[in-house]
Amino acid sequence: MITDSVKKLIERVINVFETGTPAGKYNQITILADGKNGTRQITYGRSQTTEQGNLAKLIELYIRNNGLFAEKFSSYIDKIGKQPLTDNKTFRDLLRTSANEDEIMRKTQDEFFDLAYYNPAYEFFIKNGFELPLSLLVIYDSYIHSGSIPQALRKRFGEYPPAKGGDEKKWITSYVDIRHQWLKYHTNPILQRTIYRTQCFKDQIAADNWMLDKLPIIANGTAVNV
C-alpha cells in the first residue's frame with residue numbers, strides 16, 4: 001500500500017537525485033546542453049523541470065495561483081520553450097527570487113510535480129497491477145527523468161506487468177537493469193553521469209528493500225529517511 005509516508009519518502013529520494021537534498025531546492029537552476037539537438041536549457045525547481053519541457057506549465061500554474069511575482073512572469077509565458085531563455089538573467093533571477101520569497105511558488109511546485117509527474121506515474125503503477133513501494137519509486141523516477149516508461153526500453157525485456165500475469169519483482173528488476181545499461185552507454189555524457197539513479201535501485205533490489213522500510217536509503221551518497 002502506498003501511504004502518505006511512502007509517497008513522501010519516494011519524493012525525497014527523487015529530490016536528492018535532482019537537487020542533492022531530500023527536501024529539494026525550490027530555487028535551483030541548472031543549465032545543461034540536454035535540450036533538442038543538444039541545445040542548452042534551464043532546468044528548475046524542487047525536482048527539476050525543463051525549459052523545453054514543462055517549465056511553461058509550472059509558471060502558468062503559478063500565475064493561476066496568484067503568486068506574488070505572477071505579473072512579472074506573465075510577459076515570459078509566450079517565450080518559455082519557444083525561444084531560449086538560458087542567458088536571460090532577469091528571467092533566471094525571477095525564478096530564484098520567486099522560490100526564495102514566495103511560499104505560493106513553493107506550494108505551486110509541490111502541486112505541479114504531482115500533476116505533471118507523480119500522478120501519471122501512479123496511474124501507470126496502478127493500471128499495470130504494481131503494488132510495491134520500490135516499484136513506484138522506480139516508475140516515478142522514470143517519469144521525472146524520461147517523461148514516461150520509454151517504449152524503446154520496455155521492448156528490450158519480455159516480462160509481463162503484474163496486471164497481465166507477470167511477476168512484479170522480475171519486471172522491475174529487468175527494467176532497472178535495462179535502464180541502467182541504457183544510461184551507462186548512452187551517447188550523451190550527461191545521461192551517462194546519471195546512472196547513480198539506477199544504481200540506487202539496484203542496491204535496494206539487492207537488499208530486498210521492496211517495501212522501502214529499510215532506512216536510510218542511500219541515494220547518490222545521501223542518506224534519505226522519511
# chains A, B, ... in the order shown; residues from 1 in each chain; ligands from 1

$ residues_around --residues "A:Gln151" --least-positions-apart "3" --cutoff "12 Å" --atoms "only C-alpha atoms" --output "list of chain:residue names"
A:Ser142, A:Ser146, A:Gly147, A:Ser148, A:Arg154, A:Lys155, A:Arg156, A:Phe157, A:Tyr175, A:Ile178, A:Arg179

$ closest_atom_pairs --of "stretch 118-211 of chain A" --to "stretch 105-114 of chain A" --cutoff "9 Å" --atoms "only C-alpha atoms" --output "Markdown table"
| residue | atom | partner | partner_atom | distance |
| --- | --- | --- | --- | --- |
| A:Tyr118 | CA | A:Asp114 | CA | 4.5 |
| A:Asn119 | CA | A:Asp114 | CA | 5.5 |
| A:Pro120 | CA | A:Asp114 | CA | 8.4 |
| A:Ile144 | CA | A:Phe113 | CA | 8.7 |

$ residues_around --residues "stretch 52-57 of chain A" --least-positions-apart "5" --cutoff "12 Å" --atoms "only C-alpha atoms" --output "number ranges by chain"
A: 29, 31-45, 47, 62-64, 73-86, 95, 108-109, 111-113, 115-117, 144-147

$ residues_around --residues "A:Met1" --least-positions-apart "3" --cutoff "8 Å" --atoms "only C-alpha atoms" --output "number ranges by chain"
A: 131-133

$ write_last_selection --atoms "C-alpha atoms" --output "compact mmCIF listing (two decimals), in the first residue's frame"
# COMPACT_ATOMS: atom_id res chain seq x y z
CA GLU A 131 1.83 -2.82 -5.56
CA LEU A 132 5.28 -2.48 -4.00
CA PRO A 133 6.75 0.88 -2.89

$ closest_residue --among "A:Pro22, A:Pro161, A:Gly166, A:Gly221" --to "A:Phe125" --atoms "only C-alpha atoms"
A:Pro161

$ residues_around --residues "A:Lys164" --least-positions-apart "4" --cutoff "10 Å" --atoms "only C-alpha atoms" --output "list in words"
Asn128, Gly129, Glu159 and Tyr160 of chain A

$ write_last_selection --atoms "N, CA and C atoms" --output "CSV table (one decimal), in the first residue's frame"
chain,number,residue,atom,x,y,z
A,128,ASN,N,-1.2,-1.1,-14.2
A,128,ASN,CA,-0.4,-2.3,-14.6
A,128,ASN,C,-0.2,-3.3,-13.4
A,129,GLY,N,-0.9,-3.0,-12.3
A,129,GLY,CA,-1.0,-4.0,-11.3
A,129,GLY,C,0.2,-4.0,-10.3
A,159,GLU,N,9.3,-9.7,-19.7
A,159,GLU,CA,8.4,-9.9,-18.6
A,159,GLU,C,7.1,-9.1,-18.7
A,160,TYR,N,6.0,-9.7,-18.4
A,160,TYR,CA,4.7,-9.0,-18.4
A,160,TYR,C,4.6,-8.3,-17.1

$ select_by_dssp --residues "stretch 10-128 of chain A" --states "strand (DSSP E)" --output "number ranges by chain"
A: 29-32, 41-44, 49-50

$ write_last_selection --atoms "C-alpha atoms" --output "JSON list (two decimals), in the first residue's frame"
[["chain", "number", "residue", "atom", "x", "y", "z"],
["A", 29, "ILE", "CA", 18.54, 26.41, -11.63],
["A", 30, "THR", "CA", 20.77, 24.17, -13.69],
["A", 31, "ILE", "CA", 21.72, 24.82, -17.30],
["A", 32, "LEU", "CA", 22.65, 21.77, -19.34],
["A", 41, "GLN", "CA", 18.20, 24.78, -21.48],
["A", 42, "ILE", "CA", 17.18, 25.76, -17.96],
["A", 43, "THR", "CA", 16.03, 23.11, -15.52],
["A", 44, "TYR", "CA", 14.31, 24.49, -12.44],
["A", 49, "THR", "CA", 11.51, 20.59, -14.82],
["A", 50, "THR", "CA", 12.97, 21.75, -18.12]]

$ atom_distance --atom1 "atom CA of A:Ser135" --atom2 "atom CA of A:Tyr26"
25.9 Å

$ select_by_dssp --residues "stretch 39-157 of chain A" --states "helix (DSSP H, G or I)" --output "PyMOL selection string"
chain A and resi 55-64+70-74+89-101+103-127+133-146+151-154

$ write_last_selection --atoms "C-alpha atoms" --output "compact mmCIF listing (two decimals), in the first residue's frame"
# COMPACT_ATOMS: atom_id res chain seq x y z
CA LEU A 55 8.50 24.80 -17.25
CA ALA A 56 5.83 26.89 -19.00
CA LYS A 57 3.11 24.76 -17.37
CA LEU A 58 4.66 25.34 -13.95
CA ILE A 59 4.74 29.11 -14.47
CA GLU A 60 1.18 29.12 -15.83
CA LEU A 61 0.03 27.30 -12.69
CA TYR A 62 1.90 29.78 -10.51
CA ILE A 63 0.15 32.66 -12.28
CA ARG A 64 -3.24 30.99 -11.81
CA ALA A 70 2.73 36.46 -11.33
CA GLU A 71 2.61 39.77 -13.19
CA LYS A 72 6.34 39.75 -13.83
CA PHE A 73 6.19 36.18 -15.14
CA SER A 74 3.27 36.91 -17.46
CA LYS A 89 19.49 36.93 -16.33
CA THR A 90 16.27 38.76 -15.47
CA PHE A 91 14.23 35.61 -16.03
CA ARG A 92 16.65 33.39 -14.12
CA ASP A 93 16.68 35.85 -11.20
CA LEU A 94 12.88 35.90 -11.23
CA LEU A 95 12.77 32.11 -10.97
CA ARG A 96 15.13 32.13 -7.99
CA THR A 97 13.52 35.08 -6.24
CA SER A 98 10.00 33.70 -6.53
CA ALA A 99 11.09 30.40 -4.94
CA ASN A 100 13.04 32.18 -2.19
CA GLU A 101 10.46 34.80 -1.28
CA GLU A 103 5.51 30.43 -0.42
CA ILE A 104 2.99 30.24 -3.25
CA MET A 105 5.79 29.29 -5.66
CA ARG A 106 6.95 26.51 -3.35
CA LYS A 107 3.40 25.20 -2.91
CA THR A 108 2.83 25.53 -6.66
CA GLN A 109 5.90 23.43 -7.34
CA ASP A 110 4.62 20.72 -5.00
CA GLU A 111 1.28 20.79 -6.80
CA PHE A 112 2.90 20.85 -10.22
CA PHE A 113 5.27 17.92 -9.70
CA ASP A 114 2.29 15.86 -8.55
CA LEU A 115 0.18 16.85 -11.55
CA ALA A 116 2.86 16.56 -14.20
CA TYR A 117 4.88 13.58 -12.99
CA TYR A 118 3.73 11.74 -9.86
CA ASN A 119 0.08 11.31 -10.80
CA PRO A 120 0.82 9.90 -14.29
CA ALA A 121 3.45 7.59 -12.76
CA TYR A 122 0.99 6.42 -10.11
CA GLU A 123 -1.66 5.84 -12.77
CA PHE A 124 0.80 3.61 -14.68
CA PHE A 125 1.65 1.84 -11.41
CA ILE A 126 -2.00 1.08 -10.60
CA LYS A 127 -3.14 0.30 -14.15
CA PRO A 133 6.75 0.88 -2.89
CA LEU A 134 10.10 0.25 -4.63
CA SER A 135 8.22 -0.34 -7.88
CA LEU A 136 6.57 3.08 -7.57
CA LEU A 137 9.93 4.72 -6.83
CA VAL A 138 11.41 3.19 -9.99
CA ILE A 139 8.40 4.18 -12.10
CA TYR A 140 8.17 7.72 -10.72
CA ASP A 141 11.88 8.28 -11.28
CA SER A 142 11.46 7.22 -14.89
CA TYR A 143 8.64 9.75 -15.34
CA ILE A 144 10.73 12.51 -13.75
CA HIS A 145 13.89 11.65 -15.70
CA SER A 146 12.47 10.46 -19.03
CA GLN A 151 8.72 2.02 -25.04
CA ALA A 152 12.16 1.56 -26.57
CA LEU A 153 13.38 0.26 -23.20
CA ARG A 154 10.19 -1.65 -22.42

$ atom_distance --atom1 "atom CA of A:Ile205" --atom2 "atom CA of A:Phe130"
15.3 Å

$ atom_distance --atom1 "atom CA of A:Met211" --atom2 "atom CA of A:Ile2"
9.5 Å

$ residues_around --residues "A:Asn15" --least-positions-apart "4" --cutoff "7 Å" --atoms "only C-alpha atoms" --output "list in words"
Glu11, Thr19, Gly20, Thr21, Pro22, Ala23, Gly24, Arg46 and Ser47 of chain A

$ decode --residues "stretch 65-175 of chain A" --atoms "C-alpha atoms" --output "PDB file, in the first residue's frame"
ATOM      1  CA  ASN A  65      -2.405  30.575  -8.130  1.00  0.00           C
ATOM      2  CA  ASN A  66      -1.916  34.364  -7.884  1.00  0.00           C
ATOM      3  CA  GLY A  67       1.730  34.237  -6.938  1.00  0.00           C
ATOM      4  CA  LEU A  68       3.414  37.438  -5.781  1.00  0.00           C
ATOM      5  CA  PHE A  69       5.505  37.563  -8.958  1.00  0.00           C
ATOM      6  CA  ALA A  70       2.726  36.463 -11.334  1.00  0.00           C
ATOM      7  CA  GLU A  71       2.608  39.768 -13.192  1.00  0.00           C
ATOM      8  CA  LYS A  72       6.339  39.752 -13.833  1.00  0.00           C
ATOM      9  CA  PHE A  73       6.191  36.183 -15.138  1.00  0.00           C
ATOM     10  CA  SER A  74       3.271  36.912 -17.459  1.00  0.00           C
ATOM     11  CA  SER A  75       5.498  38.523 -20.090  1.00  0.00           C
ATOM     12  CA  TYR A  76       7.512  35.287 -20.404  1.00  0.00           C
ATOM     13  CA  ILE A  77       4.673  32.796 -20.896  1.00  0.00           C
ATOM     14  CA  ASP A  78       4.752  33.014 -24.693  1.00  0.00           C
ATOM     15  CA  LYS A  79       8.546  32.719 -24.720  1.00  0.00           C
ATOM     16  CA  ILE A  80       9.261  29.751 -22.446  1.00  0.00           C
ATOM     17  CA  GLY A  81      10.141  26.737 -24.549  1.00  0.00           C
ATOM     18  CA  LYS A  82       9.848  28.715 -27.763  1.00  0.00           C
ATOM     19  CA  GLN A  83      12.893  30.941 -27.533  1.00  0.00           C
ATOM     20  CA  PRO A  84      15.998  30.331 -25.428  1.00  0.00           C
ATOM     21  CA  LEU A  85      15.978  31.994 -22.003  1.00  0.00           C
ATOM     22  CA  THR A  86      19.137  30.408 -20.645  1.00  0.00           C
ATOM     23  CA  ASP A  87      21.079  33.646 -20.941  1.00  0.00           C
ATOM     24  CA  ASN A  88      18.248  35.887 -19.764  1.00  0.00           C
ATOM     25  CA  LYS A  89      19.494  36.928 -16.325  1.00  0.00           C
ATOM     26  CA  THR A  90      16.270  38.764 -15.468  1.00  0.00           C
ATOM     27  CA  PHE A  91      14.233  35.605 -16.034  1.00  0.00           C
ATOM     28  CA  ARG A  92      16.655  33.395 -14.119  1.00  0.00           C
ATOM     29  CA  ASP A  93      16.683  35.846 -11.205  1.00  0.00           C
ATOM     30  CA  LEU A  94      12.882  35.895 -11.232  1.00  0.00           C
ATOM     31  CA  LEU A  95      12.766  32.112 -10.970  1.00  0.00           C
ATOM     32  CA  ARG A  96      15.132  32.125  -7.994  1.00  0.00           C
ATOM     33  CA  THR A  97      13.516  35.076  -6.241  1.00  0.00           C
ATOM     34  CA  SER A  98      10.000  33.697  -6.526  1.00  0.00           C
ATOM     35  CA  ALA A  99      11.092  30.402  -4.936  1.00  0.00           C
ATOM     36  CA  ASN A 100      13.040  32.179  -2.194  1.00  0.00           C
ATOM     37  CA  GLU A 101      10.464  34.799  -1.282  1.00  0.00           C
ATOM     38  CA  ASP A 102       7.039  33.434  -2.182  1.00  0.00           C
ATOM     39  CA  GLU A 103       5.511  30.433  -0.423  1.00  0.00           C
ATOM     40  CA  ILE A 104       2.992  30.238  -3.254  1.00  0.00           C
ATOM     41  CA  MET A 105       5.793  29.288  -5.659  1.00  0.00           C
ATOM     42  CA  ARG A 106       6.948  26.515  -3.347  1.00  0.00           C
ATOM     43  CA  LYS A 107       3.396  25.204  -2.915  1.00  0.00           C
ATOM     44  CA  THR A 108       2.830  25.528  -6.660  1.00  0.00           C
ATOM     45  CA  GLN A 109       5.898  23.430  -7.337  1.00  0.00           C
ATOM     46  CA  ASP A 110       4.621  20.716  -4.997  1.00  0.00           C
ATOM     47  CA  GLU A 111       1.276  20.789  -6.799  1.00  0.00           C
ATOM     48  CA  PHE A 112       2.902  20.855 -10.224  1.00  0.00           C
ATOM     49  CA  PHE A 113       5.270  17.920  -9.701  1.00  0.00           C
ATOM     50  CA  ASP A 114       2.295  15.855  -8.553  1.00  0.00           C
ATOM     51  CA  LEU A 115       0.179  16.855 -11.551  1.00  0.00           C
ATOM     52  CA  ALA A 116       2.861  16.563 -14.203  1.00  0.00           C
ATOM     53  CA  TYR A 117       4.881  13.576 -12.993  1.00  0.00           C
ATOM     54  CA  TYR A 118       3.734  11.744  -9.856  1.00  0.00           C
ATOM     55  CA  ASN A 119       0.078  11.311 -10.797  1.00  0.00           C
ATOM     56  CA  PRO A 120       0.825   9.896 -14.290  1.00  0.00           C
ATOM     57  CA  ALA A 121       3.448   7.585 -12.761  1.00  0.00           C
ATOM     58  CA  TYR A 122       0.989   6.421 -10.106  1.00  0.00           C
ATOM     59  CA  GLU A 123      -1.659   5.838 -12.773  1.00  0.00           C
ATOM     60  CA  PHE A 124       0.798   3.608 -14.682  1.00  0.00           C
ATOM     61  CA  PHE A 125       1.652   1.839 -11.412  1.00  0.00           C
ATOM     62  CA  ILE A 126      -1.997   1.077 -10.595  1.00  0.00           C
ATOM     63  CA  LYS A 127      -3.138   0.303 -14.154  1.00  0.00           C
ATOM     64  CA  ASN A 128      -0.398  -2.280 -14.581  1.00  0.00           C
ATOM     65  CA  GLY A 129      -1.011  -4.005 -11.273  1.00  0.00           C
ATOM     66  CA  PHE A 130       2.074  -2.950  -9.346  1.00  0.00           C
ATOM     67  CA  GLU A 131       1.829  -2.820  -5.558  1.00  0.00           C
ATOM     68  CA  LEU A 132       5.281  -2.479  -4.004  1.00  0.00           C
ATOM     69  CA  PRO A 133       6.752   0.881  -2.895  1.00  0.00           C
ATOM     70  CA  LEU A 134      10.101   0.254  -4.630  1.00  0.00           C
ATOM     71  CA  SER A 135       8.217  -0.336  -7.876  1.00  0.00           C
ATOM     72  CA  LEU A 136       6.571   3.082  -7.575  1.00  0.00           C
ATOM     73  CA  LEU A 137       9.927   4.717  -6.834  1.00  0.00           C
ATOM     74  CA  VAL A 138      11.409   3.189  -9.994  1.00  0.00           C
ATOM     75  CA  ILE A 139       8.403   4.175 -12.099  1.00  0.00           C
ATOM     76  CA  TYR A 140       8.174   7.716 -10.724  1.00  0.00           C
ATOM     77  CA  ASP A 141      11.877   8.276 -11.284  1.00  0.00           C
ATOM     78  CA  SER A 142      11.459   7.224 -14.895  1.00  0.00           C
ATOM     79  CA  TYR A 143       8.640   9.745 -15.343  1.00  0.00           C
ATOM     80  CA  ILE A 144      10.732  12.512 -13.752  1.00  0.00           C
ATOM     81  CA  HIS A 145      13.887  11.652 -15.699  1.00  0.00           C
ATOM     82  CA  SER A 146      12.473  10.460 -19.032  1.00  0.00           C
ATOM     83  CA  GLY A 147       8.851  11.625 -19.018  1.00  0.00           C
ATOM     84  CA  SER A 148       7.455   8.082 -19.093  1.00  0.00           C
ATOM     85  CA  ILE A 149       8.412   4.420 -19.229  1.00  0.00           C
ATOM     86  CA  PRO A 150      10.097   4.631 -22.665  1.00  0.00           C
ATOM     87  CA  GLN A 151       8.721   2.021 -25.039  1.00  0.00           C
ATOM     88  CA  ALA A 152      12.161   1.559 -26.567  1.00  0.00           C
ATOM     89  CA  LEU A 153      13.376   0.263 -23.195  1.00  0.00           C
ATOM     90  CA  ARG A 154      10.192  -1.647 -22.420  1.00  0.00           C
ATOM     91  CA  LYS A 155      10.623  -3.669 -25.624  1.00  0.00           C
ATOM     92  CA  ARG A 156      14.044  -4.903 -24.515  1.00  0.00           C
ATOM     93  CA  PHE A 157      12.695  -7.377 -21.956  1.00  0.00           C
ATOM     94  CA  GLY A 158       9.874  -9.873 -22.103  1.00  0.00           C
ATOM     95  CA  GLU A 159       8.410  -9.949 -18.593  1.00  0.00           C
ATOM     96  CA  TYR A 160       4.723  -9.033 -18.442  1.00  0.00           C
ATOM     97  CA  PRO A 161       3.494  -6.467 -15.895  1.00  0.00           C
ATOM     98  CA  PRO A 162       1.536  -7.908 -12.949  1.00  0.00           C
ATOM     99  CA  ALA A 163      -1.826  -6.922 -14.452  1.00  0.00           C
ATOM    100  CA  LYS A 164      -1.088  -9.306 -17.337  1.00  0.00           C
ATOM    101  CA  GLY A 165       0.151 -12.146 -15.166  1.00  0.00           C
ATOM    102  CA  GLY A 166       3.784 -11.139 -14.860  1.00  0.00           C
ATOM    103  CA  ASP A 167       5.978 -11.112 -11.769  1.00  0.00           C
ATOM    104  CA  GLU A 168       6.267  -7.597 -10.296  1.00  0.00           C
ATOM    105  CA  LYS A 169       9.763  -8.024  -8.916  1.00  0.00           C
ATOM    106  CA  LYS A 170      11.064  -9.576 -12.139  1.00  0.00           C
ATOM    107  CA  TRP A 171       9.519  -6.754 -14.231  1.00  0.00           C
ATOM    108  CA  ILE A 172      11.039  -4.009 -12.081  1.00  0.00           C
ATOM    109  CA  THR A 173      14.419  -5.745 -11.863  1.00  0.00           C
ATOM    110  CA  SER A 174      14.520  -6.197 -15.640  1.00  0.00           C
ATOM    111  CA  TYR A 175      13.518  -2.600 -16.284  1.00  0.00           C
TER     112      TYR A 175
END
